[in-house]
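Trainee: Please see the structure below; I have some questions.
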Amino acid sequence: MCVTCWIHIIDFDDENNIINKNVLLHQVGEIWHISASPADRAVLATCYNHTLDGKVLTCAAVWKMPQESEPGSHESPDDAASAAHSLELLCHLDGAAHGSTACVAWEPTGDGKRVISLADNHLLLWDLQESSSQAVLAGSASLEGRGQLKFTSGRWSPHHSCTQVATASDTAIRGWDTRTMSQVYCIENAHGQLVRDVDFNPNKQYYLASCGDDCKVKFWDTRSPAAPVRTLEEHSHWVWSVRYNHSHDQLVLTGSSDSRVTLSNMVSISSEPFGHLVDDDDLSDQEERRPEEKSQEPPQDGVIATYEEHEDSVYAVEWSSADPWLFASLSYDGRLVINRVPRALKYHILL
């Protein structure tokens, strides 16, 4: 049986606080994961359930939105409900032989022609060819060990010329070199229970964050994987999602099954632990400041704000790619909440 699902393309009008949406038909099955191409805003990948010979598999495919449904082209809610457009299938990431696909991640920079998929215990590297109408398997790697090892999530690093990928499996985090498809580091027992998500610091090449079922968020330097450099314990249930701000890496979002979203300021391990660097031309201005202004201590690590608009488990948090002060969260009951970084913190970072 094939379940018909819909994808909602959300366009937020920040000036008027209005949400516009377009609805796209996804006819092949229930969606478990979505990832958008960084090179083409009309292209996305989905992981979805597919039943074959009585067995349910999670497959992956690459799609293109019809032009009239791309972000920025609006329909009224009545129009969207009455005549949803269908996604155009570009290609399947045919990893069925390797198992069920947990997620798909795009190469962060470039022309949007390389993706990875995680299928059970296999890491698969794909080259998208012929205008993304064909996916060619360019490389693969497998988890080896006792038991039924499976990947739960993965993230492509924007550093090292985009040649490294981090994956989570059980309680471990592993780094892989996409040129050789070999393991380059491993953080054993990164969490006390299942690792749910990982994300790379956009400004510090060796730093990444992780979260898991032990209710913790941890920050790592992959050169010294024996222990985390910082740990947050602000949630009371599983932490499903962690995201660095794309521009200001001291800002970190987390979403949890405790129905809360937290915004943390991890300034001590950010790329600017003492604020913005001062130019030589500004030194004379600093010397004229009052003594009490000179002796001010830098901000401390910790939670800035906790958001409790959700009534169910928060499975995903994401920063806006267009506005660094805007973020969204999504919960199990389908509620999407859009929030802003507190104004006082925004000006403290900027000024």
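Residues are named by chain letter and number: chains run A, B, ... in the order of the structure tokens, numbers start at 1 in each chain, and ligands are numbered from 1 in the order shown.
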For region 91-105 of chain A, find every residue with an atom within 9 Å (counting only C-alpha atoms), except residues of its own chain fewer than 2 positions away, and show them as a VMD selection string.
Mentor: chain A and resid 32 to 37 45 to 49 56 to 63 89 107 to 108 114 to 122 124 126 128 132 to 137 150 to 156
Trainee: Taking 2 positions as the minimum chain separation for residues in the same chain, which residues sit within 7 Å of region 243-245 of chain A when counting only C-alpha atoms? Answer as a list in words.
Mentor: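 Surrounding residues, per the criterion: Asp199, Asn201, Ser241, Ser247, His248, Asp249, Leu251, Val252, Leu253, Thr254, Val317, Glu318, Trp319 and Pro324 of chain A.
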Trainee: Residues as selected, C-alpha atoms, written as a compact mmCIF listing (two decimals), in the first residue's frame, can you do that?
Mentor:
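What landed in out_36.txt:
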```
# COMPACT_ATOMS: atom_id res chain seq x y z
CA ASP A 199 26.36 19.09 13.37
CA ASN A 201 30.69 24.21 13.71
CA SER A 241 18.23 17.70 16.92
CA SER A 247 26.94 32.92 10.95
CA HIS A 248 27.38 33.17 14.73
CA ASP A 249 28.66 29.80 15.90
CA LEU A 251 24.45 30.19 19.07
CA VAL A 252 23.25 26.58 19.26
CA LEU A 253 19.69 25.24 18.95
CA THR A 254 18.42 21.93 20.36
CA VAL A 317 15.25 22.55 14.66
CA GLU A 318 16.78 24.63 11.85
CA TRP A 319 18.25 28.10 11.35
CA PRO A 324 20.79 34.46 10.98
```
Trainee: Env of Lys346 (chain A): 12 Å cut, atoms = only C-alpha atoms, seq-sep filter 2 positions within chain, self excluded. Answer as number ranges by chain.
Mentor: A: 247-248, 250-251, 265, 304, 323-326, 340-344, 348-351
Trainee: Could those selected residues go to a file with C-alpha atoms, as a PDB file, in the first residue's frame?
Mentor:
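Below is the file out-v2.pdb, written as the result:
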```pdb
ATOM      1  CA  SER A 247      26.937  32.921  10.948  1.00  0.00           C
ATOM      2  CA  HIS A 248      27.383  33.165  14.729  1.00  0.00           C
ATOM      3  CA  GLN A 250      28.215  30.583  19.606  1.00  0.00           C
ATOM      4  CA  LEU A 251      24.452  30.188  19.068  1.00  0.00           C
ATOM      5  CA  ASN A 265      25.252  30.635  23.956  1.00  0.00           C
ATOM      6  CA  ILE A 304      19.799  31.942  26.768  1.00  0.00           C
ATOM      7  CA  ASP A 323      18.289  35.510   8.262  1.00  0.00           C
ATOM      8  CA  PRO A 324      20.795  34.463  10.976  1.00  0.00           C
ATOM      9  CA  TRP A 325      18.451  35.590  13.750  1.00  0.00           C
ATOM     10  CA  LEU A 326      15.482  33.458  12.653  1.00  0.00           C
ATOM     11  CA  ARG A 340      13.802  34.980  16.680  1.00  0.00           C
ATOM     12  CA  VAL A 341      16.972  35.326  18.702  1.00  0.00           C
ATOM     13  CA  PRO A 342      16.268  37.748  21.586  1.00  0.00           C
ATOM     14  CA  ARG A 343      16.933  41.318  20.518  1.00  0.00           C
ATOM     15  CA  ALA A 344      19.280  42.040  23.446  1.00  0.00           C
ATOM     16  CA  HIS A 348      25.305  42.237  22.151  1.00  0.00           C
ATOM     17  CA  ILE A 349      26.820  40.044  19.405  1.00  0.00           C
ATOM     18  CA  LEU A 350      26.768  42.767  16.777  1.00  0.00           C
ATOM     19  CA  LEU A 351      27.948  45.738  18.849  1.00  0.00           C
TER      20      LEU A 351
END
```
Trainee: Any idea what's packed within 12 Å of Glu234 (chain A), counting only C-alpha atoms, ignoring anything in its chain fewer than 2 positions away? Could you give it as an mmCIF file with N, CA and C atoms, in the first residue's frame?
Mentor:
```cif
data_model
loop_
_atom_site.group_PDB
_atom_site.id
_atom_site.type_symbol
_atom_site.label_atom_id
_atom_site.label_comp_id
_atom_site.auth_asym_id
_atom_site.auth_seq_id
_atom_site.Cartn_x
_atom_site.Cartn_y
_atom_site.Cartn_z
ATOM 1 N N CYS A 211 24.004 15.112 20.009
ATOM 2 C CA CYS A 211 22.952 14.990 21.016
ATOM 3 C C CYS A 211 22.412 13.570 20.986
ATOM 4 N N ASP A 214 20.583 10.234 25.993
ATOM 5 C CA ASP A 214 20.984 10.455 27.385
ATOM 6 C C ASP A 214 20.642 11.863 27.853
ATOM 7 N N CYS A 215 19.857 12.596 27.037
ATOM 8 C CA CYS A 215 19.362 13.946 27.355
ATOM 9 C C CYS A 215 20.460 15.000 27.316
ATOM 10 N N LYS A 216 21.619 14.674 26.733
ATOM 11 C CA LYS A 216 22.748 15.589 26.750
ATOM 12 C C LYS A 216 23.079 16.110 25.350
ATOM 13 N N VAL A 217 23.686 17.287 25.334
ATOM 14 C CA VAL A 217 24.281 17.862 24.128
ATOM 15 C C VAL A 217 25.767 18.015 24.412
ATOM 16 N N LYS A 218 26.605 17.476 23.521
ATOM 17 C CA LYS A 218 28.044 17.512 23.755
ATOM 18 C C LYS A 218 28.762 18.180 22.588
ATOM 19 N N THR A 231 29.633 20.116 27.808
ATOM 20 C CA THR A 231 28.414 19.303 27.841
ATOM 21 C C THR A 231 27.269 20.142 28.391
ATOM 22 N N LEU A 232 26.119 20.067 27.721
ATOM 23 C CA LEU A 232 24.899 20.711 28.200
ATOM 24 C C LEU A 232 23.913 19.647 28.661
ATOM 25 N N SER A 236 15.151 17.148 29.607
ATOM 26 C CA SER A 236 14.741 16.069 30.509
ATOM 27 C C SER A 236 14.359 14.796 29.760
ATOM 28 N N HIS A 237 14.499 14.791 28.437
ATOM 29 C CA HIS A 237 14.219 13.588 27.647
ATOM 30 C C HIS A 237 15.136 13.599 26.435
ATOM 31 N N TRP A 238 14.967 12.652 25.534
ATOM 32 C CA TRP A 238 15.836 12.500 24.374
ATOM 33 C C TRP A 238 15.992 13.820 23.619
ATOM 34 N N VAL A 239 17.195 14.095 23.175
ATOM 35 C CA VAL A 239 17.466 15.273 22.354
ATOM 36 C C VAL A 239 17.623 14.803 20.917
ATOM 37 N N LEU A 253 21.079 25.642 18.722
ATOM 38 C CA LEU A 253 19.694 25.239 18.955
ATOM 39 C C LEU A 253 19.617 23.744 19.250
ATOM 40 N N THR A 254 18.695 23.351 20.129
ATOM 41 C CA THR A 254 18.421 21.931 20.363
ATOM 42 C C THR A 254 16.918 21.722 20.509
ATOM 43 N N GLY A 255 16.441 20.560 20.050
ATOM 44 C CA GLY A 255 15.040 20.185 20.187
ATOM 45 C C GLY A 255 14.938 18.817 20.817
ATOM 46 N N SER A 256 13.931 18.611 21.676
ATOM 47 C CA SER A 256 13.873 17.397 22.499
ATOM 48 C C SER A 256 12.468 16.833 22.616
ATOM 49 N N ASP A 258 11.147 16.384 25.302
ATOM 50 C CA ASP A 258 10.493 17.049 26.428
ATOM 51 C C ASP A 258 9.637 18.228 25.959
ATOM 52 N N ARG A 260 10.507 20.856 24.351
ATOM 53 C CA ARG A 260 11.128 22.175 24.470
ATOM 54 C C ARG A 260 12.220 22.375 23.422
ATOM 55 N N VAL A 261 12.413 23.645 23.067
ATOM 56 C CA VAL A 261 13.526 24.076 22.227
ATOM 57 C C VAL A 261 14.399 24.983 23.086
ATOM 58 N N THR A 262 15.711 24.742 23.077
ATOM 59 C CA THR A 262 16.604 25.616 23.835
ATOM 60 C C THR A 262 17.570 26.332 22.894
ATOM 61 N N LEU A 263 17.840 27.582 23.216
ATOM 62 C CA LEU A 263 18.838 28.382 22.520
ATOM 63 C C LEU A 263 19.968 28.638 23.507
ATOM 64 N N SER A 264 21.168 28.143 23.172
ATOM 65 C CA SER A 264 22.314 28.258 24.071
ATOM 66 C C SER A 264 23.382 29.155 23.475
ATOM 67 N N GLY A 302 25.938 28.952 28.384
ATOM 68 C CA GLY A 302 24.702 28.559 29.042
ATOM 69 C C GLY A 302 23.489 28.806 28.174
ATOM 70 N N VAL A 303 22.340 28.433 28.685
ATOM 71 C CA VAL A 303 21.077 28.584 27.961
ATOM 72 C C VAL A 303 20.615 30.034 28.022
ATOM 73 N N ILE A 304 20.294 30.570 26.865
ATOM 74 C CA ILE A 304 19.799 31.942 26.768
ATOM 75 C C ILE A 304 18.287 31.973 26.926
ATOM 76 N N ALA A 305 17.625 31.043 26.242
ATOM 77 C CA ALA A 305 16.156 31.033 26.247
ATOM 78 C C ALA A 305 15.651 29.605 26.036
ATOM 79 N N THR A 306 14.514 29.322 26.629
ATOM 80 C CA THR A 306 13.825 28.056 26.436
ATOM 81 C C THR A 306 12.440 28.352 25.875
#
```
Trainee: Check region 39-227 of chain A with DSSP on the backbone and list each residue it calls helix (DSSP H, G or I), as a JSON list (two decimals) with C-alpha atoms, in the first residue's frame.
Mentor:
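Produced file states_20.json, reproduced below:
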```json
[["chain", "number", "residue", "atom", "x", "y", "z"],
["A", 67, "GLN", "CA", 8.38, 26.34, -10.84],
["A", 68, "GLU", "CA", 5.11, 27.74, -9.60],
["A", 69, "SER", "CA", 5.71, 26.10, -6.20],
["A", 77, "PRO", "CA", -4.49, 28.40, 1.36],
["A", 78, "ASP", "CA", -7.68, 27.45, -0.49],
["A", 79, "ASP", "CA", -5.82, 27.00, -3.78],
["A", 80, "ALA", "CA", -3.09, 24.95, -2.13],
["A", 81, "ALA", "CA", -5.58, 22.58, -0.56],
["A", 82, "SER", "CA", -7.68, 22.09, -3.67],
["A", 96, "ALA", "CA", 17.61, -0.86, -1.44],
["A", 97, "ALA", "CA", 20.23, -3.59, -1.78],
["A", 98, "HIS", "CA", 22.02, -2.04, 1.20],
["A", 160, "HIS", "CA", 38.57, 20.20, 4.64],
["A", 161, "SER", "CA", 37.43, 20.95, 1.07],
["A", 162, "CYS", "CA", 34.22, 19.02, 1.82]]
```
